[in-house]
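Visitor: Encoded as structure tokens, here's the structure I'll be asking about.
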Amino acid sequence: MISTFSIARLELLIAQRNMWVATSVILMAMFTVVLTLAGGAPSGAIGVDPLLVAVTSITTLSVYLVPLIGLLLSFDAVAGEAERGTLALSLTYPLSRGEILLGKFLAHLCVLAFAVAVGLGLTAGMTIWQYGTADLSFAPLIKLFLTSIALGAAFLGLGYLVSALVRQTGVASGIVIIIWLVCVVLYDLGLLGALVADNGGYFTKTVFPWLLVANPADAFRLFNMPDISVPELASGVGAAGAASSAPAQLVSLLVWPVFALVLAWLAFRRVEP
Amino acid sequence: MTVLIIDSVTKTYGDLRAVQGVSLQINAGERVALLGHNGAGKTTLMRMILGLATATSGSIRVLGQQPGSRSARKVIGFLPESVAFHGSLTGREQLRHFARLKSLPLRKADDLLERVGLGHAADRKIRTYSKGMRQRIGLAQALLGTPKLALLDEPTSGLDPISRHEFYDIVDDLSAAGTAVLLSSHALTELETRTDRIAIMSAGRLLANDSLSNLRQQARLPIRLEVKTYEDSADHVATQLGGARSNGRSVSLTCQQDEKVSLLGRITGLGDMVKDIDVTPASLEDLYRHYSVGPEDRT
């Protein structure tokens with residue numbers, strides 16, 4: 001455990017000095033502030049909880065940003081060390097590969113959580129400053145924070161997996177960008193295309209809801225949308241059933257990080273530095 | 001006490017036989033130099049001792065333990081051939097990290113930084129270090145916790161002559177403390193006085209494994225003598241000793257180790273005609289060439 005923490009500590013120092021911490025925080029802060037300000041403009045008139053409005057727009061943003069940050073933090077983890085020669089050295093020390101991976105994961109998760117916390121903290125602060133605390137419900141905000149971390153963890157794991165499989169940072173960076181594109185953009189486009197082609201048939205009613213929730217980015221999006229939009233979406237695609245329920249989305253969000261990390265660990269175990 | 005036992009180890013990568021039937025033992029406090037061209041199998045052998053690669057056949061034991069096992073890794077210090085530590089960390093941060101991994105007090109890391117002459121630069125980023133300083137960080141981490149077996153892969157590449165000298169002082173201290181040292185090198189001259197035994201590898205095979213003087217004897221490489229004389233007596237000296245005039249005033253001779261003393265007697269018997277004598281034993285370079293070329297007639 002000491003080894004894991006020592007690795008986490010070192011990775012945090014590196015992330016901080018490489019400006020990864022600053023970059024992630026600035027990215028998150030900038031976008032959340034803009035969305036909070038933009039989201040707040042119309043809500044005042046219609047009397048919806050302004051925090052809920054902000055959470056909705058930030059959810060849409062986080063679907064893109066959190067996986068991106070996660071992948072950028074992680075793609076170098078194994079490949080970079082293999083290229084520098086420090087991986088071979090680390091592996092001659094009395095510690096397991098699992099400990100190495102876990103140490104890096106803890107550090108990167110901290111960076112990610114910190115960036116999301118700063119962003120959402122700014123949102124909460126600005127909303128309170130504008131409207132006071134009377135009508136605000138903080139539950140969606142906390143839900144968003146926790147699920148963002150789960151989403152980020154899933155993509156950290158995928159990043160390590162790629163890093164361990166290809167062992168070259170250049171190639172790894174290319175592949176993680178492709179993964180990002182597929183998960184947050186192309187996957188939805190593909191599903192949409194299939195829906196249109198299927199025209200309300202078997203695929204739409206039974207397969208589609210599960211495919212939707214199988215993608216952690218979509219599970220995250222559905223889970224954090226305000227309650228009104230879920231039945232809307234469900235009715236839009238017919239009997240979505242259990243797949244579009246909150247527990248299924250939550251399971252997807254919790255299983256993905258574990259699944260990705262286990263795969264990454266298995267790939268890392270096969271690396272001969 | 002035998003620290004490292006390598007018993008007829010072979011490693012193949014597909015058709016490539018990186019290491020073939022190598023057997024080697026190293027005792028506590030012994031300093032062994034592993035010599036060989038690039039691709040001779042030195043690094044592969046070290047990687048197998050470390051457990052980073054597994055032998056195709058044969059066995060390796062580090063203090064009786066399987067290579068790569070936690071207990072084996074605890075007693076090994078390793079300096080990789082080319083290692084680039086993360087530039088944004090300071091030397092102290094990097095070395096303290098390694099001390100934590102070995103469950104040592106952080107003070108050990110600080111002491112070692114002083115020991116390898118990095119005390120003044122310990123809190124600077126590794127990015128600003130010269131190649132020699134980076135190599136010293138690598139050496140310092142290999143020394144952490146006084147390992148029972150130190151594996152040093154090309155430890156002096158990139159070091160200037162003074163640093164090399166200091167490096168071998170550290171190796172001497174290590175072996176005095178009972179560490180078995182296996183180091184690989186291209187720089188032959190510096191090994192002459194600084195190692196107890198020399199192992200020569202070529203194309204994956206271990207061709208020689210003995211002390212320098214024994215290797216010299218086995219190889220029967222000639223000793224060169226240069227007799228300085230006077231212009232008018234050079235021809236006489238050359239015919240007397242059976243050598244050749246190499247220039248106007250000196251005569252070159254070669255002889256085997258066992259003939260050396262009698263030959264020297266004959267030279268001194270020439271009296272005033274001899275001004276000076278230079279005796280040059282076969283150098284490590286000669287030996288290395290002797291053993292690494294034409295392995296088929298020696299095994």
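Chain labels follow the order of the structure tokens: the first chain is A, the next B, and so on; residue numbering restarts at 1 in every chain, and ligands are counted from 1 in their shown order.
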What are the residues of chain A that have an atom within 9 Å of an atom of chain B, counting only C-alpha atoms, as a compact mmCIF listing (two decimals) with N, CA and C atoms, in the first residue's frame?
Guide:
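As a result, part23.txt now contains:
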# COMPACT_ATOMS: atom_id res chain seq x y z
N ILE A 2 2.00 1.19 0.73
CA ILE A 2 2.92 2.33 0.74
C ILE A 2 3.41 2.60 -0.67
N SER A 3 3.70 1.52 -1.41
CA SER A 3 4.18 1.67 -2.78
C SER A 3 3.13 2.37 -3.63
N THR A 4 1.87 1.92 -3.50
CA THR A 4 0.78 2.51 -4.27
C THR A 4 0.68 4.01 -4.00
N SER A 6 3.00 5.95 -2.83
CA SER A 6 4.19 6.65 -3.30
C SER A 6 4.09 6.92 -4.79
N ILE A 7 3.56 5.95 -5.52
CA ILE A 7 3.38 6.15 -6.96
C ILE A 7 2.34 7.23 -7.21
N ARG A 9 1.57 9.67 -5.31
CA ARG A 9 2.16 10.94 -4.92
C ARG A 9 3.04 11.50 -6.03
N LEU A 10 3.85 10.59 -6.61
CA LEU A 10 4.75 11.00 -7.68
C LEU A 10 3.96 11.44 -8.91
N LEU A 13 2.52 14.85 -8.44
CA LEU A 13 3.55 15.88 -8.64
C LEU A 13 3.76 16.12 -10.13
N ILE A 14 3.85 15.00 -10.88
CA ILE A 14 4.08 15.12 -12.32
C ILE A 14 2.90 15.82 -13.00
N ARG A 17 3.08 19.50 -12.26
CA ARG A 17 4.17 20.23 -12.93
C ARG A 17 4.00 20.21 -14.44
N ASN A 18 3.32 19.18 -14.97
CA ASN A 18 3.09 19.14 -16.41
C ASN A 18 1.90 19.99 -16.81
N GLU A 81 6.20 5.37 -19.73
CA GLU A 81 7.23 4.81 -18.85
C GLU A 81 8.03 3.73 -19.56
N GLU A 83 8.71 3.75 -22.71
CA GLU A 83 9.62 4.45 -23.62
C GLU A 83 10.79 5.07 -22.88
N ARG A 84 10.51 5.61 -21.70
CA ARG A 84 11.60 6.26 -20.95
C ARG A 84 12.52 5.25 -20.28
N GLY A 85 12.05 4.03 -20.13
CA GLY A 85 12.87 3.01 -19.48
C GLY A 85 12.63 2.91 -17.99
N THR A 86 11.75 3.76 -17.46
CA THR A 86 11.49 3.72 -16.02
C THR A 86 10.57 2.55 -15.65
N ALA A 88 10.74 -0.61 -16.77
CA ALA A 88 11.58 -1.78 -16.48
C ALA A 88 12.19 -1.64 -15.09
N LEU A 89 12.61 -0.42 -14.77
CA LEU A 89 13.23 -0.20 -13.47
C LEU A 89 12.21 -0.40 -12.34
N SER A 90 11.03 0.21 -12.50
CA SER A 90 9.99 0.09 -11.46
C SER A 90 9.66 -1.38 -11.21
N LEU A 91 9.66 -2.17 -12.30
CA LEU A 91 9.26 -3.57 -12.16
C LEU A 91 10.33 -4.42 -11.49
N THR A 92 11.54 -3.87 -11.32
CA THR A 92 12.55 -4.62 -10.58
C THR A 92 12.46 -4.31 -9.08
N TYR A 93 11.59 -3.38 -8.73
CA TYR A 93 11.37 -3.09 -7.31
C TYR A 93 10.32 -4.05 -6.75
N PRO A 94 10.35 -4.27 -5.45
CA PRO A 94 9.39 -5.23 -4.89
C PRO A 94 7.97 -4.67 -4.83
N LEU A 95 7.33 -4.53 -5.97
CA LEU A 95 5.92 -4.14 -5.99
C LEU A 95 5.26 -4.75 -7.22
N SER A 96 3.96 -4.95 -7.13
CA SER A 96 3.28 -5.64 -8.22
C SER A 96 2.80 -4.64 -9.26
N GLU A 272 6.10 -6.98 -21.51
CA GLU A 272 7.49 -7.30 -21.16
C GLU A 272 8.31 -6.06 -21.46
N PRO A 273 8.70 -5.33 -20.43
CA PRO A 273 9.35 -4.04 -20.70
C PRO A 273 10.73 -4.21 -21.35
Visitor: Within 12 Å of Leu109 in chain A, counting only C-alpha atoms, which residues show up once you throw out same-chain ones fewer than 3 positions away? Write them as a CSV table (one decimal) with N, CA and C atoms, in the first residue's frame, please.
Guide:
chain,number,residue,atom,x,y,z
A,8,ALA,N,1.2,7.2,-6.5
A,8,ALA,CA,0.2,8.2,-6.6
A,8,ALA,C,0.7,9.6,-6.3
A,11,GLU,N,2.9,10.7,-9.2
A,11,GLU,CA,2.1,11.0,-10.4
A,11,GLU,C,1.4,12.3,-10.2
A,12,LEU,N,1.0,12.6,-9.0
A,12,LEU,CA,0.3,13.9,-8.7
A,12,LEU,C,1.3,15.0,-8.9
A,15,ALA,N,1.7,15.4,-12.6
A,15,ALA,CA,0.5,16.0,-13.2
A,15,ALA,C,0.4,17.5,-12.9
A,21,VAL,N,-3.0,19.4,-14.2
A,21,VAL,CA,-4.0,19.8,-13.2
A,21,VAL,C,-4.6,21.1,-13.6
A,24,SER,N,-6.8,20.8,-16.8
A,24,SER,CA,-8.2,20.2,-16.6
A,24,SER,C,-9.1,21.2,-15.8
A,66,VAL,N,-15.3,15.2,-19.6
A,66,VAL,CA,-14.8,14.3,-18.6
A,66,VAL,C,-14.1,13.1,-19.3
A,67,PRO,N,-14.7,12.5,-20.3
A,67,PRO,CA,-13.9,11.4,-20.9
A,67,PRO,C,-12.7,11.9,-21.6
A,69,ILE,N,-10.7,14.4,-20.6
A,69,ILE,CA,-9.7,14.6,-19.6
A,69,ILE,C,-9.2,13.3,-19.1
A,70,GLY,N,-10.1,12.3,-18.9
A,70,GLY,CA,-9.7,11.0,-18.4
A,70,GLY,C,-8.7,10.3,-19.4
A,71,LEU,N,-9.0,10.4,-20.6
A,71,LEU,CA,-8.1,9.7,-21.6
A,71,LEU,C,-6.8,10.4,-21.7
A,73,LEU,N,-5.3,12.1,-19.5
A,73,LEU,CA,-4.4,11.8,-18.3
A,73,LEU,C,-3.8,10.5,-18.3
A,74,SER,N,-4.4,9.5,-19.0
A,74,SER,CA,-4.1,8.1,-18.8
A,74,SER,C,-3.3,7.5,-20.0
A,101,LEU,N,-0.4,0.3,-11.2
A,101,LEU,CA,-1.6,0.8,-11.9
A,101,LEU,C,-2.5,1.5,-11.0
A,102,LEU,N,-2.7,0.9,-9.8
A,102,LEU,CA,-3.6,1.5,-8.8
A,102,LEU,C,-3.1,2.9,-8.4
A,103,GLY,N,-1.8,3.0,-8.2
A,103,GLY,CA,-1.2,4.2,-7.8
A,103,GLY,C,-1.5,5.3,-8.8
A,104,LYS,N,-1.3,5.0,-10.0
A,104,LYS,CA,-1.5,6.0,-11.1
A,104,LYS,C,-3.0,6.3,-11.2
A,105,PHE,N,-3.8,5.3,-11.0
A,105,PHE,CA,-5.3,5.6,-11.1
A,105,PHE,C,-5.7,6.5,-10.0
A,106,LEU,N,-5.2,6.3,-8.8
A,106,LEU,CA,-5.6,7.1,-7.7
A,106,LEU,C,-5.2,8.6,-8.0
A,112,LEU,N,-8.8,14.5,-11.8
A,112,LEU,CA,-10.1,14.6,-12.4
A,112,LEU,C,-11.2,15.1,-11.5
A,113,ALA,N,-11.2,14.5,-10.3
A,113,ALA,CA,-12.2,14.9,-9.3
A,113,ALA,C,-12.1,16.4,-8.9
A,114,PHE,N,-10.8,16.8,-8.8
A,114,PHE,CA,-10.5,18.2,-8.4
A,114,PHE,C,-11.0,19.1,-9.5
A,115,ALA,N,-10.8,18.8,-10.7
A,115,ALA,CA,-11.2,19.6,-11.8
A,115,ALA,C,-12.8,19.7,-11.8
A,116,VAL,N,-13.4,18.6,-11.7
A,116,VAL,CA,-14.9,18.6,-11.7
A,116,VAL,C,-15.4,19.4,-10.5
A,117,ALA,N,-14.8,19.2,-9.3
A,117,ALA,CA,-15.2,19.8,-8.1
A,117,ALA,C,-15.1,21.3,-8.3
A,146,LEU,N,-20.6,12.9,-8.5
A,146,LEU,CA,-20.2,11.5,-8.3
A,146,LEU,C,-20.2,10.7,-9.6
A,148,SER,N,-19.8,12.0,-12.6
A,148,SER,CA,-18.7,12.5,-13.4
A,148,SER,C,-17.4,11.7,-13.0
A,149,ILE,N,-17.2,11.5,-11.8
A,149,ILE,CA,-16.0,10.7,-11.3
A,149,ILE,C,-16.0,9.3,-11.9
A,150,ALA,N,-17.2,8.7,-11.8
A,150,ALA,CA,-17.4,7.3,-12.3
A,150,ALA,C,-17.1,7.3,-13.8
A,151,LEU,N,-17.6,8.3,-14.5
A,151,LEU,CA,-17.4,8.4,-16.0
A,151,LEU,C,-15.9,8.5,-16.3
A,152,GLY,N,-15.3,9.5,-15.5
A,152,GLY,CA,-13.9,9.7,-15.7
A,152,GLY,C,-13.1,8.5,-15.4
A,153,ALA,N,-13.4,7.7,-14.4
A,153,ALA,CA,-12.7,6.5,-14.0
A,153,ALA,C,-12.8,5.5,-15.1
A,154,ALA,N,-13.9,5.4,-15.7
A,154,ALA,CA,-14.1,4.4,-16.8
A,154,ALA,C,-13.1,4.7,-18.0
A,155,PHE,N,-13.0,6.0,-18.3
A,155,PHE,CA,-12.1,6.4,-19.4
A,155,PHE,C,-10.7,6.4,-19.0
A,156,LEU,N,-10.4,6.6,-17.7
A,156,LEU,CA,-9.0,6.4,-17.3
A,156,LEU,C,-8.6,5.0,-17.5
A,157,GLY,N,-9.5,4.1,-17.1
A,157,GLY,CA,-9.2,2.6,-17.3
A,157,GLY,C,-9.0,2.3,-18.8
A,257,PRO,N,-15.9,1.4,-14.9
A,257,PRO,CA,-14.6,1.7,-14.4
A,257,PRO,C,-13.9,0.4,-14.0
Visitor: Quick check for you: according to DSSP on this backbone, which residues of range 20-267 of chain B are classed as alpha helix (DSSP H)? Reply as number ranges by chain.
Guide: B: 42-50, 70-74, 91-101, 106-115, 131-143, 161-176, 212-219, 234-241, 260-267
Visitor: Which polymer residues have any atom within 12 Å of an atom of Arg269 in chain A, counting only C-alpha atoms, with same-chain residues fewer than 2 positions away left out, as number ranges by chain?
Guide: A: 78, 91, 96-101, 160-161, 164-165, 262-267, 271-273; B: 52
Visitor: Give me, as an mmCIF file with N, CA and C atoms, in the first residue's frame, all polymer residues having an atom no more than 9 Å from range 239-246 of chain B, counting only C-alpha atoms and skipping those fewer than 6 positions away in the same chain.
Guide:
data_model
loop_
_atom_site.group_PDB
_atom_site.id
_atom_site.type_symbol
_atom_site.label_atom_id
_atom_site.label_comp_id
_atom_site.auth_asym_id
_atom_site.auth_seq_id
_atom_site.Cartn_x
_atom_site.Cartn_y
_atom_site.Cartn_z
ATOM 1 N N GLU B 226 59.791 -4.152 -25.917
ATOM 2 C CA GLU B 226 60.412 -3.153 -26.773
ATOM 3 C C GLU B 226 61.760 -2.827 -26.118
ATOM 4 N N SER B 252 61.858 -4.911 -31.429
ATOM 5 C CA SER B 252 60.591 -5.437 -30.901
ATOM 6 C C SER B 252 60.657 -6.949 -30.795
ATOM 7 N N LEU B 253 60.176 -7.455 -29.685
ATOM 8 C CA LEU B 253 60.160 -8.900 -29.452
ATOM 9 C C LEU B 253 58.801 -9.301 -28.917
ATOM 10 N N THR B 254 58.439 -10.545 -29.111
ATOM 11 C CA THR B 254 57.254 -11.066 -28.431
ATOM 12 C C THR B 254 57.630 -12.384 -27.770
ATOM 13 N N LEU B 263 63.943 -14.469 -21.037
ATOM 14 C CA LEU B 263 64.220 -13.488 -22.094
ATOM 15 C C LEU B 263 64.770 -12.205 -21.489
ATOM 16 N N ARG B 266 68.329 -12.623 -20.742
ATOM 17 C CA ARG B 266 69.189 -12.486 -21.918
ATOM 18 C C ARG B 266 69.352 -11.018 -22.313
ATOM 19 N N ILE B 267 68.286 -10.267 -22.133
ATOM 20 C CA ILE B 267 68.376 -8.844 -22.494
ATOM 21 C C ILE B 267 69.348 -8.124 -21.564
ATOM 22 N N LEU B 270 73.007 -8.425 -22.204
ATOM 23 C CA LEU B 270 73.626 -7.627 -23.258
ATOM 24 C C LEU B 270 74.317 -6.386 -22.697
#
Visitor: I'd like the contact shell of range 19-30 of chain B - 10 Å cut-off, only C-alpha atoms, skipping same-chain residues fewer than 4 positions apart - returned as a VMD selection string.
Guide: chain B and resid 1 to 13 39 to 45 55 to 63 148 to 149 171 to 182 195 to 197 199 201 to 207 209
Visitor: In Å, with one decimal, what is the gap from CA of Val55 in chain A to CA of Leu120 in chain A?
Guide: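 Between CA of Val55 in chain A and CA of Leu120 in chain A the gap works out to 8.7 Å.
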